[in-house]
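Pasting input33.cif here (mmCIF, C-alpha atoms):
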data_run
#
loop_
_atom_site.group_PDB
_atom_site.id
_atom_site.type_symbol
_atom_site.label_atom_id
_atom_site.label_comp_id
_atom_site.auth_asym_id
_atom_site.auth_seq_id
_atom_site.Cartn_x
_atom_site.Cartn_y
_atom_site.Cartn_z
ATOM 1 C CA MET J 20 19.344 42.248 18.202
ATOM 2 C CA ARG J 21 18.827 39.041 20.191
ATOM 3 C CA ALA J 22 20.589 36.802 17.680
ATOM 4 C CA PRO J 23 22.680 37.317 14.552
ATOM 5 C CA VAL J 24 20.771 37.769 11.303
ATOM 6 C CA GLY J 25 21.985 36.715 7.862
ATOM 7 C CA LEU J 26 21.280 38.728 4.710
ATOM 8 C CA VAL J 27 21.989 36.906 1.438
ATOM 9 C CA VAL J 28 22.078 38.952 -1.774
ATOM 10 C CA ASN J 29 22.674 37.854 -5.343
ATOM 11 C CA PRO J 30 24.131 40.982 -7.012
ATOM 12 C CA ARG J 31 23.838 39.335 -10.446
ATOM 13 C CA SER J 32 20.118 38.607 -10.232
ATOM 14 C CA HIS J 33 17.962 40.533 -12.673
ATOM 15 C CA THR J 34 16.218 43.119 -10.459
ATOM 16 C CA VAL J 35 19.124 43.596 -8.042
ATOM 17 C CA ARG J 36 21.453 44.284 -10.948
ATOM 18 C CA ARG J 37 19.089 46.929 -12.364
ATOM 19 C CA LYS J 38 17.824 48.608 -9.195
ATOM 20 C CA GLY J 39 20.326 47.750 -6.495
ATOM 21 C CA SER J 40 19.920 45.665 -3.355
ATOM 22 C CA VAL J 41 17.468 46.646 -0.631
ATOM 23 C CA LEU J 42 19.153 44.285 1.853
ATOM 24 C CA GLU J 43 22.675 45.514 1.147
ATOM 25 C CA ALA J 44 21.581 49.107 1.701
ATOM 26 C CA ALA J 45 19.732 48.139 4.887
ATOM 27 C CA ALA J 46 22.755 46.276 6.276
ATOM 28 C CA ALA J 47 24.775 49.463 6.742
ATOM 29 C CA ASN J 48 25.188 50.320 10.450
ATOM 30 C CA MET J 49 23.162 47.306 11.599
ATOM 31 C CA PRO J 50 25.051 45.442 14.350
ATOM 32 C CA GLY J 51 24.341 41.743 14.504
ATOM 33 C CA VAL J 52 23.745 41.485 10.747
ATOM 34 C CA SER J 53 25.983 39.441 8.455
ATOM 35 C CA LEU J 54 25.829 40.264 4.743
ATOM 36 C CA VAL J 55 26.592 37.502 2.226
ATOM 37 C CA LYS J 56 27.038 38.519 -1.421
ATOM 38 C CA LEU J 57 26.749 35.636 -3.866
ATOM 39 C CA ASP J 58 29.413 36.721 -6.333
ATOM 40 C CA ASP J 59 30.336 33.072 -6.841
ATOM 41 C CA PHE J 60 27.814 30.302 -6.094
ATOM 42 C CA ASN J 61 30.709 27.857 -5.682
ATOM 43 C CA HIS J 62 31.389 29.549 -2.341
ATOM 44 C CA LEU J 63 27.778 29.446 -1.115
ATOM 45 C CA GLU J 64 28.074 26.340 1.067
ATOM 46 C CA VAL J 65 31.084 27.820 2.866
ATOM 47 C CA GLN J 66 29.279 31.149 3.290
ATOM 48 C CA MET J 67 26.141 29.515 4.700
ATOM 49 C CA ALA J 68 28.251 27.379 7.030
ATOM 50 C CA GLY J 69 29.771 30.639 8.257
ATOM 51 C CA LEU J 70 26.308 31.963 9.098
ATOM 52 C CA ALA J 71 25.553 28.709 10.927
ATOM 53 C CA ARG J 72 28.714 29.097 13.061
ATOM 54 C CA GLN J 73 27.610 32.603 13.988
ATOM 55 C CA GLY J 74 24.337 31.246 15.318
ATOM 56 C CA VAL J 75 22.163 32.850 12.629
ATOM 57 C CA ARG J 76 18.530 31.798 12.970
ATOM 58 C CA GLN J 77 16.944 34.207 10.479
ATOM 59 C CA VAL J 78 18.057 34.315 6.832
ATOM 60 C CA TYR J 79 16.829 36.943 4.356
ATOM 61 C CA VAL J 80 17.280 36.084 0.674
ATOM 62 C CA GLU J 81 17.200 38.698 -2.109
ATOM 63 C CA GLY J 82 17.345 37.193 -5.565
ATOM 64 C CA GLY J 83 15.298 35.107 -7.953
ATOM 65 C CA ASP J 84 13.974 31.561 -7.740
ATOM 66 C CA GLY J 85 17.383 30.097 -8.569
ATOM 67 C CA THR J 86 19.004 32.048 -5.726
ATOM 68 C CA LEU J 87 16.410 30.837 -3.233
ATOM 69 C CA GLN J 88 16.880 27.262 -4.454
ATOM 70 C CA ALA J 89 20.642 27.480 -3.945
ATOM 71 C CA VAL J 90 20.306 28.979 -0.448
ATOM 72 C CA LEU J 91 17.737 26.404 0.680
ATOM 73 C CA THR J 92 19.838 23.570 -0.762
ATOM 74 C CA ALA J 93 22.950 24.758 1.088
ATOM 75 C CA SER J 94 21.055 25.447 4.322
ATOM 76 C CA LEU J 95 19.302 22.066 4.464
ATOM 77 C CA ALA J 96 22.330 20.005 3.416
ATOM 78 C CA PRO J 97 23.531 17.591 6.127
ATOM 79 C CA ARG J 98 26.903 19.372 6.308
ATOM 80 C CA SER J 99 25.388 22.885 6.496
ATOM 81 C CA GLY J 100 26.236 23.359 10.166
ATOM 82 C CA PHE J 101 22.725 24.470 11.137
ATOM 83 C CA ASP J 102 21.469 22.436 14.095
ATOM 84 C CA ASP J 103 17.941 23.488 13.159
ATOM 85 C CA VAL J 104 16.723 24.835 9.839
ATOM 86 C CA PRO J 105 16.636 28.646 10.090
ATOM 87 C CA GLU J 106 13.587 30.661 9.160
ATOM 88 C CA PHE J 107 13.736 32.443 5.823
ATOM 89 C CA ALA J 108 12.427 35.665 4.318
ATOM 90 C CA ILE J 109 12.187 36.107 0.539
ATOM 91 C CA LEU J 110 12.669 39.438 -1.219
ATOM 92 C CA PRO J 111 12.221 39.647 -4.995
ATOM 93 C CA GLY J 112 15.424 40.143 -6.917
ATOM 94 C CA GLY J 113 15.239 37.987 -10.022
ATOM 95 C CA SER J 114 13.331 37.839 -13.262
ATOM 96 C CA THR J 115 11.233 35.021 -11.776
ATOM 97 C CA ASN J 116 10.094 35.185 -8.159
ATOM 98 C CA LEU J 117 7.576 32.371 -7.872
ATOM 99 C CA ALA J 118 7.944 31.535 -4.180
ATOM 100 C CA TYR J 119 8.037 35.249 -3.298
ATOM 101 C CA LYS J 120 4.574 35.723 -4.788
ATOM 102 C CA VAL J 121 3.197 33.022 -2.502
ATOM 103 C CA PHE J 122 4.911 33.824 0.809
ATOM 104 C CA GLY J 123 7.409 36.638 0.223
ATOM 105 C CA LEU J 124 8.105 39.890 2.074
ATOM 106 C CA LYS J 125 7.259 43.288 0.614
ATOM 107 C CA LEU J 126 10.201 45.354 1.904
ATOM 108 C CA LYS J 127 10.617 47.886 -0.888
ATOM 109 C CA THR J 128 13.026 50.373 0.720
ATOM 110 C CA GLN J 129 16.078 50.065 2.914
ATOM 111 C CA ASN J 130 14.349 51.912 5.791
ATOM 112 C CA VAL J 131 11.347 49.570 5.718
ATOM 113 C CA ALA J 132 13.650 46.578 5.495
ATOM 114 C CA ARG J 133 15.853 47.758 8.357
ATOM 115 C CA ALA J 134 12.854 48.382 10.622
ATOM 116 C CA TYR J 135 11.365 44.972 9.865
ATOM 117 C CA ILE J 136 14.659 43.094 10.372
ATOM 118 C CA GLU J 137 15.217 44.762 13.740
ATOM 119 C CA ARG J 138 11.615 44.165 14.854
ATOM 120 C CA ARG J 139 11.690 40.540 13.723
ATOM 121 C CA ALA J 140 14.953 39.840 15.524
ATOM 122 C CA GLN J 141 13.480 41.228 18.744
ATOM 123 C CA GLN J 142 9.907 39.894 18.571
ATOM 124 C CA GLY J 143 10.419 36.647 16.669
ATOM 125 C CA ASP J 144 7.386 34.380 17.010
ATOM 126 C CA ARG J 145 4.979 37.255 17.584
ATOM 127 C CA LEU J 146 5.155 38.242 13.899
ATOM 128 C CA ALA J 147 3.434 36.453 11.022
ATOM 129 C CA THR J 148 4.891 33.237 9.693
ATOM 130 C CA ALA J 149 4.045 30.927 6.794
ATOM 131 C CA TRP J 150 5.001 27.263 6.922
ATOM 132 C CA HIS J 151 5.571 25.544 3.602
ATOM 133 C CA ARG J 152 7.202 22.403 2.258
ATOM 134 C CA ALA J 153 9.621 22.425 -0.670
ATOM 135 C CA LEU J 154 10.555 19.717 -3.142
ATOM 136 C CA VAL J 155 13.608 17.575 -2.431
ATOM 137 C CA VAL J 156 15.164 16.372 -5.691
ATOM 138 C CA ASP J 157 17.931 13.797 -5.563
ATOM 139 C CA ASN J 158 19.943 11.819 -8.084
ATOM 140 C CA ALA J 159 23.404 10.317 -8.370
ATOM 141 C CA SER J 160 24.811 13.437 -10.072
ATOM 142 C CA LEU J 161 24.040 15.783 -7.164
ATOM 143 C CA ALA J 162 26.421 16.316 -4.260
ATOM 144 C CA SER J 163 23.406 17.148 -2.074
ATOM 145 C CA PRO J 164 19.677 16.929 -2.755
ATOM 146 C CA ALA J 165 18.404 20.085 -4.452
ATOM 147 C CA ILE J 166 15.660 21.983 -2.597
ATOM 148 C CA GLY J 167 13.184 23.998 -4.673
ATOM 149 C CA PHE J 168 9.583 24.544 -5.635
ATOM 150 C CA LEU J 169 8.988 23.833 -9.336
ATOM 151 C CA LEU J 170 10.380 20.865 -11.251
ATOM 152 C CA SER J 171 9.871 20.503 -15.002
ATOM 153 C CA THR J 172 10.943 17.895 -17.516
ATOM 154 C CA GLY J 173 10.686 17.309 -21.244
ATOM 155 C CA SER J 174 9.841 20.039 -23.724
ATOM 156 C CA LEU J 175 9.016 22.576 -21.022
ATOM 157 C CA ALA J 176 12.498 22.261 -19.520
ATOM 158 C CA ARG J 177 13.953 22.444 -23.031
ATOM 159 C CA ALA J 178 11.879 25.567 -23.778
ATOM 160 C CA MET J 179 13.141 27.258 -20.609
ATOM 161 C CA ALA J 180 16.740 26.477 -21.528
ATOM 162 C CA TYR J 181 16.129 27.627 -25.113
ATOM 163 C CA THR J 182 14.694 30.936 -23.870
ATOM 164 C CA GLN J 183 17.670 31.562 -21.569
ATOM 165 C CA GLN J 184 20.476 30.353 -23.817
ATOM 166 C CA GLN J 185 19.425 30.988 -27.404
ATOM 167 C CA LEU J 186 16.402 33.251 -27.660
ATOM 168 C CA HIS J 187 16.687 36.022 -25.080
ATOM 169 C CA GLY J 188 19.717 35.321 -22.922
ATOM 170 C CA GLU J 189 20.164 34.934 -19.171
ATOM 171 C CA GLY J 190 18.465 38.240 -18.358
ATOM 172 C CA HIS J 191 15.077 37.090 -19.649
ATOM 173 C CA ARG J 192 13.856 34.158 -17.587
ATOM 174 C CA GLY J 193 10.461 35.449 -16.552
ATOM 175 C CA SER J 194 7.040 33.971 -17.174
ATOM 176 C CA LEU J 195 6.265 36.299 -20.057
ATOM 177 C CA ALA J 196 9.542 35.415 -21.769
ATOM 178 C CA ILE J 197 8.783 31.694 -21.422
ATOM 179 C CA ALA J 198 5.207 32.194 -22.629
ATOM 180 C CA GLY J 199 6.437 34.157 -25.648
ATOM 181 C CA ALA J 200 8.978 31.484 -26.453
ATOM 182 C CA MET J 201 6.319 28.768 -26.224
ATOM 183 C CA ALA J 202 4.121 30.725 -28.628
ATOM 184 C CA ARG J 203 6.969 30.877 -31.164
ATOM 185 C CA LEU J 204 7.736 27.203 -30.708
ATOM 186 C CA MET J 205 4.138 26.169 -31.267
ATOM 187 C CA ALA J 206 3.781 28.362 -34.342
ATOM 188 C CA ARG J 207 6.787 26.837 -36.124
ATOM 189 C CA PRO J 208 8.151 23.947 -34.043
ATOM 190 C CA SER J 209 10.462 22.568 -36.728
ATOM 191 C CA ARG J 210 12.359 25.866 -37.007
ATOM 192 C CA HIS J 211 13.438 26.018 -33.363
ATOM 193 C CA LEU J 212 16.234 23.641 -32.476
ATOM 194 C CA GLY J 213 18.063 23.149 -29.216
ATOM 195 C CA ARG J 214 21.827 23.017 -28.931
ATOM 196 C CA ASP J 215 21.627 19.270 -29.488
ATOM 197 C CA GLY J 216 20.144 19.888 -32.947
ATOM 198 C CA GLN J 217 16.759 18.427 -31.996
ATOM 199 C CA PRO J 218 13.468 20.389 -32.036
ATOM 200 C CA VAL J 219 12.813 22.086 -28.720
ATOM 201 C CA LEU J 220 9.336 20.566 -28.725
ATOM 202 C CA CYS J 221 9.997 16.846 -28.955
ATOM 203 C CA PRO J 222 9.081 13.609 -27.152
ATOM 204 C CA SER J 223 11.232 11.936 -24.530
ATOM 205 C CA PRO J 224 10.681 8.702 -22.601
ATOM 206 C CA LEU J 225 9.640 9.061 -18.959
ATOM 207 C CA THR J 226 8.283 6.798 -16.243
ATOM 208 C CA VAL J 227 6.782 8.358 -13.114
ATOM 209 C CA GLU J 228 5.939 6.120 -10.172
ATOM 210 C CA ALA J 229 4.241 7.092 -6.930
ATOM 211 C CA PRO J 230 2.158 5.256 -4.342
ATOM 212 C CA GLN J 231 -0.913 6.918 -5.852
ATOM 213 C CA PHE J 232 -0.271 6.482 -9.617
ATOM 214 C CA ARG J 233 2.072 5.441 -12.425
ATOM 215 C CA VAL J 234 2.533 6.874 -15.932
ATOM 216 C CA GLU J 235 5.060 5.875 -18.580
ATOM 217 C CA GLY J 236 5.902 6.297 -22.226
ATOM 218 C CA SER J 237 6.846 9.194 -24.496
ATOM 219 C CA HIS J 238 5.938 12.469 -22.848
ATOM 220 C CA ALA J 239 5.813 16.122 -23.840
ATOM 221 C CA LEU J 240 6.354 17.540 -20.370
ATOM 222 C CA SER J 241 5.771 17.103 -16.676
ATOM 223 C CA LEU J 242 5.441 19.606 -13.843
ATOM 224 C CA MET J 243 5.784 19.053 -10.098
ATOM 225 C CA THR J 244 5.391 21.569 -7.291
ATOM 226 C CA THR J 245 4.391 22.072 -3.679
ATOM 227 C CA LEU J 246 3.003 25.548 -4.422
ATOM 228 C CA PRO J 247 -0.704 26.299 -4.873
ATOM 229 C CA SER J 248 -0.175 28.083 -8.207
ATOM 230 C CA LEU J 249 2.493 29.206 -10.655
ATOM 231 C CA ASN J 250 3.417 32.584 -12.126
ATOM 232 C CA LEU J 251 0.672 34.441 -13.981
ATOM 233 C CA ARG J 252 -1.649 32.721 -11.428
ATOM 234 C CA LEU J 253 -1.676 29.581 -13.515
ATOM 235 C CA ARG J 254 -3.074 26.449 -11.864
ATOM 236 C CA PRO J 255 -2.264 23.546 -14.199
ATOM 237 C CA PHE J 256 -2.893 21.024 -11.410
ATOM 238 C CA TRP J 257 -6.204 19.365 -10.623
ATOM 239 C CA GLY J 258 -5.251 16.159 -8.822
ATOM 240 C CA GLU J 259 -7.282 15.375 -5.722
ATOM 241 C CA GLY J 260 -6.213 14.610 -2.188
ATOM 242 C CA ALA J 261 -3.992 16.198 0.440
ATOM 243 C CA ALA J 262 -0.602 14.819 -0.632
ATOM 244 C CA PRO J 263 1.973 17.647 -0.839
ATOM 245 C CA ILE J 264 3.316 17.184 -4.387
ATOM 246 C CA ALA J 265 1.135 18.282 -7.303
ATOM 247 C CA VAL J 266 2.058 16.469 -10.520
ATOM 248 C CA THR J 267 0.835 17.147 -14.057
ATOM 249 C CA HIS J 268 1.973 14.912 -16.905
ATOM 250 C CA ALA J 269 1.421 15.430 -20.634
ATOM 251 C CA GLY J 270 1.865 12.513 -22.992
ATOM 252 C CA TRP J 271 3.214 12.923 -26.520
ATOM 253 C CA PRO J 272 1.790 14.374 -28.613
ATOM 254 C CA ILE J 273 -0.487 16.791 -26.768
ATOM 255 C CA LYS J 274 -3.759 16.486 -28.622
ATOM 256 C CA GLY J 275 -5.051 19.909 -29.599
ATOM 257 C CA LEU J 276 -2.005 21.648 -28.129
ATOM 258 C CA HIS J 277 -3.274 25.204 -28.625
ATOM 259 C CA ALA J 278 -6.673 24.423 -27.112
ATOM 260 C CA ALA J 279 -5.052 22.663 -24.146
ATOM 261 C CA LEU J 280 -2.769 25.610 -23.376
ATOM 262 C CA LEU J 281 -5.645 28.058 -23.733
ATOM 263 C CA LYS J 282 -7.638 26.103 -21.139
ATOM 264 C CA VAL J 283 -4.720 26.296 -18.722
ATOM 265 C CA LEU J 284 -4.298 30.034 -19.316
ATOM 266 C CA VAL J 285 -7.979 30.805 -18.644
ATOM 267 C CA GLY J 286 -8.167 28.560 -15.587
ATOM 268 C CA GLN J 287 -10.204 25.752 -17.100
ATOM 269 C CA ALA J 288 -7.734 22.926 -16.493
ATOM 270 C CA GLY J 289 -9.417 19.891 -14.979
ATOM 271 C CA HIS J 290 -10.259 16.247 -15.471
ATOM 272 C CA ARG J 291 -11.424 16.912 -19.038
ATOM 273 C CA MET J 292 -7.795 17.632 -19.944
ATOM 274 C CA VAL J 293 -7.398 13.878 -20.338
ATOM 275 C CA GLN J 294 -8.768 14.349 -23.852
ATOM 276 C CA HIS J 295 -5.550 16.266 -24.588
ATOM 277 C CA GLY J 296 -3.395 13.560 -23.039
ATOM 278 C CA LEU J 297 -2.863 15.418 -19.741
ATOM 279 C CA VAL J 298 -3.335 13.886 -16.300
ATOM 280 C CA SER J 299 -2.826 15.401 -12.866
ATOM 281 C CA HIS J 300 -2.241 13.718 -9.503
ATOM 282 C CA ARG J 301 -1.087 14.422 -5.973
ATOM 283 C CA ALA J 302 1.642 12.338 -4.383
ATOM 284 C CA ASP J 303 3.695 12.015 -1.210
ATOM 285 C CA ALA J 304 6.843 11.070 -3.130
ATOM 286 C CA VAL J 305 7.704 10.353 -6.763
ATOM 287 C CA ARG J 306 10.377 8.306 -8.525
ATOM 288 C CA LEU J 307 11.328 9.065 -12.127
ATOM 289 C CA ASP J 308 13.081 6.928 -14.684
ATOM 290 C CA TYR J 309 14.332 9.636 -17.028
ATOM 291 C CA LYS J 310 17.554 10.790 -18.701
ATOM 292 C CA GLY J 311 16.372 14.006 -20.339
ATOM 293 C CA TRP J 312 16.281 17.693 -19.484
ATOM 294 C CA ILE J 313 15.414 18.688 -15.912
ATOM 295 C CA MET J 314 14.795 22.203 -14.565
ATOM 296 C CA LEU J 315 14.292 23.145 -10.926
ATOM 297 C CA ASP J 316 13.178 26.730 -10.380
ATOM 298 C CA GLY J 317 14.595 27.769 -13.734
ATOM 299 C CA GLU J 318 18.003 26.191 -13.131
ATOM 300 C CA MET J 319 19.235 23.158 -15.057
ATOM 301 C CA LEU J 320 19.914 20.051 -12.998
ATOM 302 C CA PRO J 321 22.398 17.447 -14.206
ATOM 303 C CA ALA J 322 20.741 14.432 -15.772
ATOM 304 C CA PRO J 323 21.140 11.314 -13.639
ATOM 305 C CA PRO J 324 23.546 8.877 -15.334
ATOM 306 C CA ASP J 325 21.461 5.903 -14.218
ATOM 307 C CA GLY J 326 18.193 7.628 -15.099
ATOM 308 C CA HIS J 327 16.901 7.439 -11.514
ATOM 309 C CA LEU J 328 15.486 10.587 -9.936
ATOM 310 C CA ALA J 329 13.735 10.791 -6.557
ATOM 311 C CA VAL J 330 11.398 13.636 -5.614
ATOM 312 C CA GLY J 331 10.155 14.091 -2.066
ATOM 313 C CA VAL J 332 9.368 16.995 0.251
ATOM 314 C CA THR J 333 11.089 18.787 3.098
ATOM 315 C CA PRO J 334 9.609 19.114 6.536
ATOM 316 C CA PRO J 335 7.657 22.387 6.799
ATOM 317 C CA ILE J 336 10.009 25.364 6.439
ATOM 318 C CA ARG J 337 9.265 28.583 8.253
ATOM 319 C CA PHE J 338 9.033 31.711 6.114
ATOM 320 C CA MET J 339 8.817 35.166 7.671
ATOM 321 C CA ARG J 340 5.903 37.314 6.538
#

Now that the file is in, can you turn its structure into structure tokens?
Amino acid sequence: MRAPVGLVVNPRSHTVRRKGSVLEAAAANMPGVSLVKLDDFNHLEVQMAGLARQGVRQVYVEGGDGTLQAVLTASLAPRSGFDDVPEFAILPGGSTNLAYKVFGLKLKTQNVARAYIERRAQQGDRLATAWHRALVVDNASLASPAIGFLLSTGSLARAMAYTQQQLHGEGHRGSLAIAGAMARLMARPSRHLGRDGQPVLCPSPLTVEAPQFRVEGSHALSLMTTLPSLNLRLRPFWGEGAAPIAVTHAGWPIKGLHAALLKVLVGQAGHRMVQHGLVSHRADAVRLDYKGWIMLDGEMLPAPPDGHLAVGVTPPIRFMR
């Protein structure tokens, strides 16, 4: 191999735990490959800094969306040790694999994975690459800005936490689990309470400011992403323009909630959603005044004590295909 390669595996992620790790099996007898097992995410920054010192330029990540978020956050942090951002490859290992479905690698066996890793290390730029920006989320509670692809606030973030913590447990984070939880919540919203004793579906105050738009008041939920679509091929974004961040905001209450969700599910979201209290925009950067629940790629972020949250985008990141 021309340069060291880093393989990062989360052994606790849903699919890896059930089926085993493709990357870990492929790493056996591969000189020039460094295997990082994320047994404790508190050690991730040190482990990624170790890869940087070894001169690793290609990082393969096997885990779910939360694993990828953690690896990108550690790799792009100012103290990461990487002079240049490495290129990444995504293998599915979690119960949600949103970014993988857009620009991931289909390396299903250790032999296929080993052959690809060796070929990529030798041929580099001659193989396919996808360039994509990620969200940069920063607030006073974070040691470093968090890097991810899907930010949610309000009742949607609460519903995700409710699904993971109270309804199904940590092993059920996928799109179908969230959709099933939302169906239960909508059927009998007053019966489903979060750990704070409040209904999971409830209003919370939010102000969103961007150069292109401003919304404020009680909201049901908001979504922000740099991806073209979400899991289940949902496209709940219809804002116009070329700005990298897609933003959808739902005021409280959502008028005709069931009808609005049905339109999103069948791909009929658009400007007419304003009749349900939903608007969608594109923005270069967004500032939030908000002290409620925040999820990034299915992982809870600490609420900012001052209520100030900044959302921007990374430079284009190179993903191996």

Of J:His151, J:Arg36, J:Lys125, J:Arg98, the one sitting nearest J:Gly112 when using only C-alpha atoms is J:Arg36

How would you write as a PyMOL selection string the residues that get within 7 Å of (0.8, 14.3, -7.7) in the file's frame, counting only C-alpha atoms?
chain J and resi 258+264-267+299-302

Expected residue set, 12 Å radius at (-7.3, 18.5, -31.1), all atoms listed in the file, as number ranges by chain
J: 272-280, 292-296

Evaluate the PyMOL selection byres ((chain J and resi 28) around 9) here and jot the selected residues down as a list in words.
Leu26, Val27, Asn29, Pro30, Arg31, Ser32, Val35, Ser40, Leu42, Glu43, Leu54, Val55, Lys56, Leu57, Asp58, Tyr79, Val80, Glu81, Gly82, Thr86 and Gly112 of chain J

Given the PyMOL selection byres ((chain J and resi 104) around 9), the residues it picks as a PDB file with C-alpha atoms, keeping the file's coordinate frame:
ATOM      1  CA  ARG J  76      18.530  31.798  12.970  1.00  0.00           C
ATOM      2  CA  SER J  94      21.055  25.447   4.322  1.00  0.00           C
ATOM      3  CA  LEU J  95      19.302  22.066   4.464  1.00  0.00           C
ATOM      4  CA  PHE J 101      22.725  24.470  11.137  1.00  0.00           C
ATOM      5  CA  ASP J 102      21.469  22.436  14.095  1.00  0.00           C
ATOM      6  CA  ASP J 103      17.941  23.488  13.159  1.00  0.00           C
ATOM      7  CA  PRO J 105      16.636  28.646  10.090  1.00  0.00           C
ATOM      8  CA  GLU J 106      13.587  30.661   9.160  1.00  0.00           C
ATOM      9  CA  ILE J 336      10.009  25.364   6.439  1.00  0.00           C
ATOM     10  CA  ARG J 337       9.265  28.583   8.253  1.00  0.00           C
TER      11      ARG J 337
END

I need the residue nearest J:Ser163 from this list: J:Asp59, J:Ala96, J:Ala140, J:Thr34. Use only C-alpha atoms for the distance.
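Closest to J:Ser163 of all the choices is J:Ala96.
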
Atom CA of J:Ala178 to atom CA of J:Trp271: how many Å, to one decimal?
15.6 Å

Do you have the atom CA of J:Val298-atom CA of J:Leu240 distance handy?
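Pair atom CA of J:Val298 / atom CA of J:Leu240 returns 11.1 Å.
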
So that I can see what lies close to J:Met319, please list as a list in words the residues with an atom at most 10 Å from it, counting only C-alpha atoms and leaving out residues fewer than 6 positions away in the same chain.
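Using only C-alpha atoms, the neighbours found are Gly85, Leu170, Ser171, Ala176, Arg177, Met179, Ala180, Trp312 and Ile313 of chain J.
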
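Closest approach to J:Tyr181 among J:Pro324, J:Gly51, J:Gly317, J:Pro224: J:Gly317, based on all atoms listed in the file.
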
Of the listed residues J:Leu169, J:Met49, J:Ala68, J:Ala89, that which approaches J:Met314 most closely, counting all atoms listed in the file:
J:Leu169

Tell me which protein, DNA and RNA residues are within 12 Å of J:Ala162, counting all atoms listed in the file, leaving out same-chain ones fewer than 2 positions away, and put them as a PyMOL selection string.
chain J and resi 64+92-93+96-98+156-160+164-165+320-321+323

Neighbour list for J:Tyr119 as a list in words, cut-off 7 Å, only C-alpha atoms, skip fewer than 3 positions in-chain:
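So, after excluding close chain neighbours, the residues are Ile109, Leu110, Pro111, Asn116, Phe122 and Gly123 of chain J.
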
Using all atoms listed in the file, the residue out of J:Ser223, J:Asn61, J:Gln141, J:Gln129 with shortest distance to J:Ala45 is J:Gln129
